[in-house]
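Trainee: Next up is a structure, given as structure tokens.
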Amino acid sequence: QQGTEVHYWMVPLIYGDTVDVDQIKTHILGNGDDSWKWLYKTVNQYAYQIRRYLASFCQFWVEHDPIPVACEYPIYHEDLPFGGRLDLIVSMKKAKNSKKRSNILLDLKTGNSYASHILQNSAYKVGWELLNPEIPIDYIGGLYVSNTYRDEPKYTLKYQDFDYEGFLHAAKLWHRENSNTKGVLKPSVKKAPPTEFNLYNKKETE
């Protein structure tokens, strides 16, 4: 849920809007997900952590001066074995001493780095370039924002090696494990349990 909240506020920030603590708390209380209450006693405590993540994201923006190319962009094409929504593509200098800007696809994360993130970004790169061949992606990477810093906000920007072949192998395995006996992939929706229970209230018969 923290990741969802941070992604939600990333969008208006990129579009140039100001986000304040009252907006954050109002959204937390109004989105219908109360799972944050398992970790935080008050909405102020939870909103405080979201603010730290957003400060981390803003610190990246200040230090790298990126120009937004796409944000929360849907990837879907009949030739692709997947669908999804990439987080962010920016035009920025990969290194401070670089003379030119590069198009960099970034996936925003509030947790740790995993190998699956590389496969996800590799797939999004292929999807983006299929839909937008005039704007090729030069690099892919993970932007890991943090809420654990002491003083100044910190983040980790991790560039990744493109591996679409690895994604295809993983996707093939996933489809095999989640398809039915006829090879058809269908969403697995479990039957909902009853909403009312009673052991002794039997229907009266006439």
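Residue numbering restarts at 1 in every chain; chains get A, B, ... in the order shown in the structure tokens, and ligands count up from 1 in that same order.
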Within 10 Å of Asp20 (chain A), counting only C-alpha atoms, which residues show up once you throw out same-chain ones fewer than 4 positions away? Write them as a PyMOL selection string, please.
Mentor: chain A and resi 9+24-25+51
Trainee: Any chance you can output those residues with N, CA and C atoms as a CSV table (one decimal), in the first residue's frame?
Mentor:
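The result, written out as result.csv:
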chain,number,residue,atom,x,y,z
A,9,TRP,N,1.1,9.8,-5.8
A,9,TRP,CA,1.5,11.2,-5.7
A,9,TRP,C,2.7,11.6,-6.6
A,24,ILE,N,-2.4,14.3,1.3
A,24,ILE,CA,-2.0,12.9,1.5
A,24,ILE,C,-2.9,12.2,2.5
A,25,LYS,N,-3.2,12.8,3.6
A,25,LYS,CA,-4.0,12.2,4.7
A,25,LYS,C,-5.5,12.0,4.2
A,51,ARG,N,5.5,10.9,3.2
A,51,ARG,CA,6.2,12.2,3.0
A,51,ARG,C,7.7,11.9,2.9
Trainee: Within 10 Å of region 77-89 of chain A, counting only C-alpha atoms, which residues qualify if same-chain residues fewer than 5 places away don't, as JSON, numbers by chain?
Mentor: {"A": [7, 10, 11, 14, 66, 67, 68, 69, 70, 71, 72, 103, 104, 105, 106, 107, 108, 109, 120, 121, 123, 124, 125, 126, 127, 128, 130, 131, 137, 139, 140, 143, 168, 171, 172, 175]}
Trainee: Using DSSP secondary structure from the backbone, list all alpha helix (DSSP H) positions within chain A, as a count of residues only.
Mentor: 77
Trainee: How many Å separate CA of Gly32 (chain A) from CA of Tyr48 (chain A)?
Mentor: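 Value for the CA of Gly32 (chain A)-CA of Tyr48 (chain A) distance: 19.0 Å.
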Trainee: Taking the chain letters and numbering used in this document, name the residues of region 6-70 of chain A that DSSP puts in strand (DSSP E), as a PDB file with all heavy atoms, in the first residue's frame.
Mentor:
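File written: selection29.pdb
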ATOM      1  N   ILE A  67      13.790  15.544 -17.572  1.00  0.00           N
ATOM      2  CA  ILE A  67      12.654  16.059 -18.344  1.00  0.00           C
ATOM      3  C   ILE A  67      11.701  14.883 -18.575  1.00  0.00           C
ATOM      4  O   ILE A  67      12.100  13.877 -19.173  1.00  0.00           O
ATOM      5  CB  ILE A  67      13.108  16.650 -19.685  1.00  0.00           C
ATOM      6  CG1 ILE A  67      14.052  17.828 -19.445  1.00  0.00           C
ATOM      7  CG2 ILE A  67      11.906  17.083 -20.514  1.00  0.00           C
ATOM      8  CD1 ILE A  67      14.690  18.366 -20.720  1.00  0.00           C
ATOM      9  N   PRO A  68      10.452  14.969 -18.123  1.00  0.00           N
ATOM     10  CA  PRO A  68       9.525  13.845 -18.296  1.00  0.00           C
ATOM     11  C   PRO A  68       9.215  13.579 -19.770  1.00  0.00           C
ATOM     12  O   PRO A  68       8.986  14.510 -20.543  1.00  0.00           O
ATOM     13  CB  PRO A  68       8.270  14.298 -17.550  1.00  0.00           C
ATOM     14  CG  PRO A  68       8.685  15.445 -16.696  1.00  0.00           C
ATOM     15  CD  PRO A  68       9.842  16.086 -17.384  1.00  0.00           C
ATOM     16  N   VAL A  69       9.224  12.327 -20.136  1.00  0.00           N
ATOM     17  CA  VAL A  69       8.837  11.900 -21.479  1.00  0.00           C
ATOM     18  C   VAL A  69       7.489  11.182 -21.419  1.00  0.00           C
ATOM     19  O   VAL A  69       6.608  11.410 -22.241  1.00  0.00           O
ATOM     20  CB  VAL A  69       9.906  10.974 -22.094  1.00  0.00           C
ATOM     21  CG1 VAL A  69       9.455  10.446 -23.445  1.00  0.00           C
ATOM     22  CG2 VAL A  69      11.239  11.707 -22.224  1.00  0.00           C
ATOM     23  N   ALA A  70       7.321  10.308 -20.433  1.00  0.00           N
ATOM     24  CA  ALA A  70       6.063   9.584 -20.241  1.00  0.00           C
ATOM     25  C   ALA A  70       5.939   9.209 -18.777  1.00  0.00           C
ATOM     26  O   ALA A  70       6.931   8.971 -18.093  1.00  0.00           O
ATOM     27  CB  ALA A  70       6.016   8.338 -21.123  1.00  0.00           C
TER      28      ALA A  70
END
Trainee: Kindly give the distance, in Å, that separates CA of Tyr155 (chain A) and CA of Gln59 (chain A), rounded to a single decimal.
Mentor: 7.8 Å
Trainee: Do you know which residues are at most 12 Å from Asp34 (chain A) counting only C-alpha atoms, after dropping those on the same chain fewer than 5 positions away, and could you put them as a PyMOL selection string?
Mentor: chain A and resi 1-2+27-29+39-43+46
Trainee: From the options A:Ala170, A:Val62, A:Leu185, A:Leu199, which residue's atoms come nearest to Pro153 (chain A), counting only C-alpha atoms?
Mentor: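 Once distances to Pro153 (chain A) are computed over only C-alpha atoms, the minimum belongs to A:Val62.
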Trainee: My list of candidates is A:Val184, A:Val189, A:Val90, A:Val6. Which is closest to Leu54 (chain A) when distances are computed with only C-alpha atoms?
Mentor: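 Looking at the shortest contact to Leu54 (chain A), the residue is A:Val6.
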Trainee: Name all residues at most 7 Å from Ser102 (chain A) (count only C-alpha atoms; drop same-chain ones fewer than 6 positions away) and give them as a PyMOL selection string.
Mentor: chain A and resi 91-94+138
Trainee: Figure out the distance between CA of Trp36 (chain A) and CA of Asp22 (chain A), please, to one decimal in Å.
Mentor: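 According to the coordinates, CA of Asp22 (chain A) and CA of Trp36 (chain A) are separated by 17.1 Å.
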